[in-house]
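Chemist: I am sharing upload.cif, which consists of mmCIF, C-alpha atoms:
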data_target
#
loop_
_atom_site.label_atom_id
_atom_site.label_comp_id
_atom_site.auth_asym_id
_atom_site.auth_seq_id
_atom_site.Cartn_x
_atom_site.Cartn_y
_atom_site.Cartn_z
CA PRO P 1 7.61 -39.17 73.93
CA ARG P 2 4.66 -37.67 75.83
CA ALA P 3 1.16 -38.53 74.66
CA GLY P 4 0.06 -35.99 72.09
CA ALA P 5 3.58 -34.72 71.52
CA PRO P 6 4.54 -34.20 67.83
CA PRO P 7 6.79 -36.91 66.38
CA ALA P 8 10.50 -36.21 66.53
CA ARG P 9 11.91 -34.61 63.40
CA PRO P 10 14.30 -36.94 61.54
CA PRO P 11 17.87 -35.66 61.34
CA SER P 12 18.83 -33.72 58.23
CA LEU P 13 21.62 -34.78 55.88
CA ALA P 14 23.85 -32.10 57.41
CA GLU P 15 23.14 -33.33 60.94
CA ARG P 16 23.74 -36.95 59.98
CA ARG P 17 27.03 -36.07 58.29
CA ARG P 18 28.16 -34.21 61.41
CA PHE P 19 27.17 -37.08 63.72
CA LEU P 20 28.88 -39.71 61.58
CA SER P 21 32.02 -37.62 61.17
CA LEU P 22 32.31 -37.07 64.91
CA ALA P 23 31.74 -40.77 65.58
CA LYS P 24 34.50 -41.67 63.14
CA LEU P 25 36.92 -39.14 64.61
CA SER P 26 36.20 -40.52 68.07
CA LEU P 27 37.03 -44.07 66.98
CA LEU P 28 40.22 -43.00 65.22
CA ALA P 29 41.26 -40.97 68.27
CA ASP P 30 40.83 -44.11 70.36
CA GLY P 31 43.27 -45.92 68.10
CA VAL P 32 40.77 -47.93 66.06
CA ALA P 33 42.29 -48.71 62.65
CA SER P 34 40.57 -47.30 59.56
CA VAL P 35 40.05 -50.83 58.20
CA GLU P 36 38.12 -52.03 61.26
CA ASP P 37 34.44 -52.83 60.73
CA ASP P 38 33.13 -49.98 62.86
CA VAL P 39 35.07 -47.37 60.89
CA VAL P 40 34.23 -48.97 57.53
CA ALA P 41 30.53 -48.86 58.47
CA LEU P 42 30.82 -45.15 59.25
CA ASP P 43 32.64 -44.50 55.97
CA ALA P 44 29.87 -46.31 54.10
CA ALA P 45 27.18 -44.30 55.89
CA LEU P 46 29.04 -41.07 55.08
CA ASP P 47 29.23 -42.18 51.46
CA LEU P 48 25.44 -42.55 51.32
CA VAL P 49 25.03 -39.04 52.73
CA SER P 50 27.43 -37.64 50.12
CA ILE P 51 25.63 -39.46 47.31
CA GLN P 52 22.29 -37.90 48.22
CA SER P 53 23.83 -34.46 48.72
CA ASN P 54 25.64 -34.59 45.36
CA LEU P 55 22.53 -35.87 43.58
CA SER P 56 20.48 -32.98 44.96
CA ARG P 57 23.17 -30.52 43.85
CA ARG P 58 23.26 -31.92 40.30
CA ARG P 59 19.47 -31.95 40.01
CA GLY P 60 19.10 -28.48 41.49
CA SER P 61 16.50 -29.74 43.94
CA GLY P 62 16.63 -30.63 47.61
CA SER P 63 19.27 -29.57 50.10
CA ASP P 64 21.32 -30.78 53.05
CA GLU P 65 18.33 -29.93 55.24
CA ASP P 66 16.43 -32.86 53.74
CA ALA P 67 16.12 -36.14 55.64
CA PRO P 68 18.41 -38.97 54.50
CA LEU P 69 16.79 -41.38 52.05
CA PRO P 70 16.91 -45.14 52.65
CA PRO P 71 19.19 -46.94 50.16
CA LEU P 72 16.42 -48.27 47.90
CA ARG P 73 14.85 -44.85 47.49
CA LEU P 74 18.28 -43.36 46.91
CA VAL P 75 18.95 -45.81 44.05
CA GLU P 76 15.53 -45.02 42.60
CA ALA P 77 16.33 -41.31 42.83
CA CYS P 78 19.59 -41.88 40.94
CA LEU P 79 17.63 -43.69 38.22
CA GLY P 80 14.85 -41.13 38.22
CA ASP P 81 15.77 -39.31 35.02
CA ALA P 82 15.92 -42.45 32.85
CA ALA P 83 13.49 -40.89 30.37
CA GLU P 84 16.14 -38.36 29.35
CA GLY P 85 18.05 -41.11 27.58
CA ALA P 86 21.72 -41.88 27.11
CA GLY P 87 24.10 -38.95 27.22
CA ALA P 88 21.88 -36.66 29.31
CA PRO P 89 23.86 -34.15 31.43
CA GLY P 90 24.92 -35.68 34.74
CA ARG P 91 23.49 -39.07 33.82
CA ASP P 92 26.79 -40.95 34.14
CA GLU P 93 27.32 -39.50 37.61
CA ASP P 94 23.75 -40.41 38.63
CA LEU P 95 24.19 -44.01 37.51
CA LEU P 96 27.65 -44.29 39.06
CA ASP P 97 26.22 -43.02 42.33
CA ALA P 98 23.56 -45.74 42.15
CA PHE P 99 26.36 -48.33 42.00
CA ALA P 100 27.98 -46.59 44.97
CA VAL P 101 24.73 -46.99 46.95
CA PHE P 102 24.87 -50.73 46.32
CA ALA P 103 28.49 -50.80 47.47
CA SER P 104 27.85 -48.80 50.64
CA ALA P 105 24.45 -50.17 51.67
CA GLY P 106 25.74 -53.62 52.63
CA SER P 107 25.57 -57.27 51.66
CA THR P 108 21.91 -57.80 52.58
CA PHE P 109 20.81 -54.87 50.45
CA ARG P 110 22.78 -56.18 47.46
CA ALA P 111 21.36 -59.68 47.82
CA SER P 112 17.79 -58.42 48.26
CA ASN P 113 17.89 -56.11 45.25
CA LYS P 114 19.84 -58.12 42.69
CA SER P 115 17.29 -57.54 39.91
CA LEU P 116 17.63 -53.80 40.39
CA LEU P 117 21.42 -54.17 40.28
CA GLU P 118 21.11 -56.04 36.99
CA THR P 119 18.94 -53.24 35.60
CA LEU P 120 21.61 -50.77 36.65
CA TRP P 121 24.34 -52.68 34.80
CA ARG P 122 22.20 -52.74 31.65
CA ARG P 123 21.67 -48.98 31.93
CA ALA P 124 25.42 -48.49 32.31
CA ALA P 125 26.16 -50.56 29.21
CA ALA P 126 23.60 -48.59 27.19
CA GLU P 127 25.58 -45.39 27.77
CA THR P 128 28.41 -46.52 25.45
CA ASP P 129 28.52 -47.13 21.70
CA TRP P 130 30.42 -50.42 21.89
CA GLU P 131 30.61 -50.84 18.13
CA GLN P 132 32.34 -47.48 17.83
CA LEU P 133 34.70 -48.43 20.62
CA SER P 134 35.57 -51.70 18.90
CA GLU P 135 36.39 -49.76 15.73
CA LEU P 136 38.85 -47.66 17.73
CA ARG P 137 40.50 -50.87 18.87
CA ALA P 138 40.70 -52.16 15.29
CA SER P 139 42.37 -48.93 14.16
CA GLY P 140 45.42 -49.87 16.21
CA GLY P 141 45.32 -46.94 18.61
CA ASP P 142 46.00 -48.93 21.77
CA GLU P 143 46.59 -45.94 24.05
CA GLY P 144 43.49 -44.15 22.83
CA TYR P 145 41.48 -47.35 23.12
CA VAL P 146 42.50 -47.92 26.72
CA GLN P 147 41.74 -44.30 27.62
CA ALA P 148 38.31 -44.66 26.01
CA LEU P 149 37.71 -47.88 27.95
CA ARG P 150 38.58 -46.17 31.23
CA ALA P 151 36.04 -43.46 30.49
CA THR P 152 33.13 -45.87 29.96
CA LEU P 153 30.54 -46.07 32.68
CA VAL P 154 30.89 -49.86 32.73
CA ALA P 155 34.62 -49.63 33.54
CA ARG P 156 34.06 -46.93 36.16
CA ALA P 157 31.25 -48.95 37.76
CA THR P 158 33.42 -52.07 37.77
CA ARG P 159 36.10 -50.19 39.63
CA ARG P 160 33.57 -48.76 42.11
CA CYS P 161 32.14 -52.20 42.86
CA TYR P 162 35.15 -54.54 42.71
CA ASP P 163 38.28 -52.51 43.46
CA GLU P 164 39.57 -53.46 46.92
CA THR P 165 40.34 -49.82 47.78
CA ALA P 166 36.78 -48.57 47.16
CA VAL P 167 34.37 -47.97 50.04
CA ARG P 168 32.26 -51.09 50.48
CA LEU P 169 30.19 -52.35 53.37
CA GLY P 170 29.91 -56.07 54.02
CA ALA P 171 31.05 -59.04 51.99
CA PRO P 172 32.83 -58.65 48.64
CA PHE P 173 30.58 -57.36 45.88
CA SER P 174 31.21 -60.55 43.93
CA GLU P 175 29.10 -62.51 46.42
CA ALA P 176 26.04 -60.69 45.09
CA MET P 177 27.16 -60.57 41.48
CA SER P 178 30.53 -61.74 40.20
CA GLU P 179 32.44 -60.11 37.36
CA SER P 180 31.60 -63.10 35.15
CA ASP P 181 27.92 -62.65 36.03
CA VAL P 182 28.15 -59.02 34.92
CA LEU P 183 29.83 -60.01 31.66
CA GLY P 184 27.21 -62.66 30.90
CA LEU P 185 24.40 -60.22 31.61
CA LEU P 186 25.83 -57.43 29.47
CA GLU P 187 26.93 -59.62 26.56
CA SER P 188 23.37 -60.92 26.43
CA ALA P 189 22.09 -57.34 26.43
CA ILE P 190 24.29 -55.98 23.62
CA GLY P 191 24.82 -59.14 21.56
CA GLY P 192 28.10 -60.72 20.50
CA GLY P 193 30.79 -59.78 18.02
CA ASP P 194 33.34 -56.98 18.29
CA ALA P 195 31.06 -54.92 20.55
CA ALA P 196 31.06 -57.69 23.17
CA SER P 197 34.85 -57.89 22.94
CA ALA P 198 35.16 -54.20 23.77
CA LEU P 199 32.74 -54.64 26.66
CA ARG P 200 34.82 -57.51 28.04
CA ASP P 201 37.89 -55.29 27.89
CA ALA P 202 36.08 -52.56 29.84
CA VAL P 203 35.04 -54.93 32.62
CA GLY P 204 38.44 -56.62 32.72
CA LEU P 205 40.27 -53.32 33.02
CA TYR P 206 39.44 -52.97 36.71
CA ALA P 207 38.09 -56.38 37.61
CA ASN P 208 41.61 -57.70 36.97
CA GLY P 209 43.29 -54.87 38.85
CA ASP P 210 44.84 -53.28 35.76
CA GLY P 211 43.19 -49.88 35.92
CA ASP P 212 44.61 -46.44 36.39
CA ASP P 213 44.23 -45.00 39.88
CA GLU P 214 43.49 -41.56 38.44
CA MET P 215 40.17 -42.58 36.91
CA MET P 216 36.97 -41.67 38.77
#
As structure tokens - that is how I would like this structure written.
Modeler:
Amino acid sequence: PRAGAPPARPPSLAERRRFLSLAKLSLLADGVASVEDDVVALDAALDLVSIQSNLSRRRGSGSDEDAPLPPLRLVEACLGDAAEGAGAPGRDEDLLDAFAVFASAGSTFRASNKSLLETLWRRAAAETDWEQLSELRASGGDEGYVQALRATLVARATRRCYDETAVRLGAPFSEAMSESDVLGLLESAIGGGDAASALRDAVGLYANGDGDDEMM
């Protein structure tokens, strides 16, 4: 730029979405398969744009004219209403979107921010009354129990992170944090007993590929 010229304005969310969408269409038109790295990278970038746009819509602040946030700030924005406590409106979606940022931001981001990822898993576990869920299991209502498991944020986050069909940039999520790592972390957070058994069932539902495609 010329000396004294004002700095270039960063692209807005709407402009970035348009650019990424056109780039993806161009690759697909050239015969590049949707599973190729270049297309996967564009899908991940589009996912980050959608996360920020949806977060702004839920919060009633910001717009698609805002500049895209870097992944770390986007995760922090998703966690920004932590003071509202478990069960706050839109909280599950905010936390699930934070997991989606980790999935779409790439392997280096996951490895560099593992402590934040661990905090996110603990927040997800705190959204469910695991003792109550274990009582449902003990009552013998298997179908109701499985449906309740699928609805937990932990199960939904497990699917978002570890399901092979989910958008993910870079190496498998398990290279940053395996399913057994998640279980160990969360069992330590909530304690043992029947509650931990219900938590293991929630993680295993999708980590083992047994989930229902209609969830999330």
Chemist: Could you jot down the CA of Asp38 in chain P to CA of Arg160 in chain P separation for me, Å, one decimal place?
Modeler: 20.8 Å
Chemist: Given only C-alpha atoms, how would the per-residue table for range 107-177 of chain P near range 187-199 of chain P read, listing every residue at most 6 Å away with its closest atom pair and distance in Å to one decimal, sorted by chain and number, as JSON lines?
Modeler:
{"residue": "P:Trp130", "atom": "CA", "partner": "P:Ala195", "partner_atom": "CA", "distance": 4.7}
{"residue": "P:Glu131", "atom": "CA", "partner": "P:Ala195", "partner_atom": "CA", "distance": 4.8}
{"residue": "P:Ser134", "atom": "CA", "partner": "P:Ala198", "partner_atom": "CA", "distance": 5.5}
Chemist: Using CA of Ala176 in chain P and CA of Thr119 in chain P as the two end points, give the distance in Å to one decimal.
Modeler: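 Computed distance, CA of Ala176 in chain P to CA of Thr119 in chain P, equals 14.0 Å.
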Chemist: Using all atoms listed in the file, pick whichever of P:Ala103, P:Leu120, P:Leu185, P:Leu28 has the shortest atom-to-atom distance to Leu48 in chain P.
Modeler: P:Ala103
Chemist: How would you write, as a PyMOL selection string, the residues chosen by the PyMOL selection byres ((chain P and resi 110-115) around 12) on this structure?
Modeler: chain P and resi 71-73+75-76+98-109+116-122+161+168-178+181-182+185
Chemist: Name the residues captured by the PyMOL selection byres ((chain P and resi 124) around 10) when it is applied to the shown file; answer as a list of chain:residue names.
Modeler: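 Checking the PyMOL selection byres ((chain P and resi 124) around 10) against this file, the residues are P:Ala86, P:Arg91, P:Asp92, P:Leu95, P:Leu96, P:Phe99, P:Glu118, P:Thr119, P:Leu120, P:Trp121, P:Arg122, P:Arg123, P:Ala125, P:Ala126, P:Glu127, P:Thr128, P:Thr152, P:Leu153, P:Val154, P:Ala155, P:Arg156, P:Ala157, P:Leu186.
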Chemist: One number please: CA of Arg159 in chain P to CA of Tyr206 in chain P, in Å, one decimal.
Modeler: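 Separating CA of Arg159 in chain P from CA of Tyr206 in chain P is a distance of 5.2 Å.
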Chemist: With only C-alpha atoms as the basis for distance, which of P:Val146, P:Leu69, P:Leu27, P:Ala207 is at the shortest distance from Asp43 in chain P?
Modeler: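 That would be P:Leu27, the residue with the smallest distance to Asp43 in chain P.
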Chemist: Write range 130-146 of chain P as a CSV table (one decimal), in the coordinates of the input, completed to N, CA, C and O atoms.
Modeler:
chain,number,residue,atom,x,y,z
P,130,TRP,N,29.4,-49.4,21.8
P,130,TRP,CA,30.4,-50.4,21.9
P,130,TRP,C,31.0,-50.8,20.5
P,130,TRP,O,32.1,-51.1,20.3
P,131,GLU,N,30.1,-50.6,19.5
P,131,GLU,CA,30.6,-50.8,18.1
P,131,GLU,C,31.7,-49.8,17.8
P,131,GLU,O,32.7,-50.1,17.2
P,132,GLN,N,31.4,-48.6,18.1
P,132,GLN,CA,32.3,-47.5,17.8
P,132,GLN,C,33.6,-47.7,18.6
P,132,GLN,O,34.7,-47.5,18.1
P,133,LEU,N,33.5,-48.2,19.8
P,133,LEU,CA,34.7,-48.4,20.6
P,133,LEU,C,35.5,-49.6,20.0
P,133,LEU,O,36.8,-49.5,20.0
P,134,SER,N,34.8,-50.6,19.5
P,134,SER,CA,35.6,-51.7,18.9
P,134,SER,C,36.3,-51.3,17.6
P,134,SER,O,37.4,-51.8,17.3
P,135,GLU,N,35.7,-50.3,16.9
P,135,GLU,CA,36.4,-49.8,15.7
P,135,GLU,C,37.7,-49.0,16.1
P,135,GLU,O,38.7,-49.1,15.4
P,136,LEU,N,37.6,-48.3,17.2
P,136,LEU,CA,38.8,-47.7,17.7
P,136,LEU,C,39.9,-48.7,18.0
P,136,LEU,O,41.1,-48.5,17.7
P,137,ARG,N,39.5,-49.8,18.6
P,137,ARG,CA,40.5,-50.9,18.9
P,137,ARG,C,41.1,-51.4,17.6
P,137,ARG,O,42.3,-51.6,17.5
P,138,ALA,N,40.2,-51.6,16.6
P,138,ALA,CA,40.7,-52.2,15.3
P,138,ALA,C,41.6,-51.2,14.6
P,138,ALA,O,42.5,-51.6,13.8
P,139,SER,N,41.5,-49.9,14.8
P,139,SER,CA,42.4,-48.9,14.2
P,139,SER,C,43.8,-49.0,14.6
P,139,SER,O,44.7,-48.3,14.0
P,140,GLY,N,44.1,-49.7,15.7
P,140,GLY,CA,45.4,-49.9,16.2
P,140,GLY,C,45.9,-48.8,17.2
P,140,GLY,O,47.0,-48.8,17.6
P,141,GLY,N,45.0,-48.0,17.6
P,141,GLY,CA,45.3,-46.9,18.6
P,141,GLY,C,45.2,-47.5,20.0
P,141,GLY,O,44.2,-47.2,20.7
P,142,ASP,N,46.1,-48.3,20.5
P,142,ASP,CA,46.0,-48.9,21.8
P,142,ASP,C,45.8,-47.9,22.9
P,142,ASP,O,45.0,-48.1,23.8
P,143,GLU,N,46.7,-46.9,22.9
P,143,GLU,CA,46.6,-45.9,24.0
P,143,GLU,C,45.2,-45.2,24.1
P,143,GLU,O,44.6,-45.1,25.1
P,144,GLY,N,44.8,-44.8,22.9
P,144,GLY,CA,43.5,-44.2,22.8
P,144,GLY,C,42.4,-45.1,23.2
P,144,GLY,O,41.4,-44.7,23.8
P,145,TYR,N,42.5,-46.3,22.8
P,145,TYR,CA,41.5,-47.4,23.1
P,145,TYR,C,41.4,-47.6,24.6
P,145,TYR,O,40.3,-47.6,25.2
P,146,VAL,N,42.5,-47.7,25.3
P,146,VAL,CA,42.5,-47.9,26.7
P,146,VAL,C,41.9,-46.7,27.4
P,146,VAL,O,41.1,-46.8,28.4
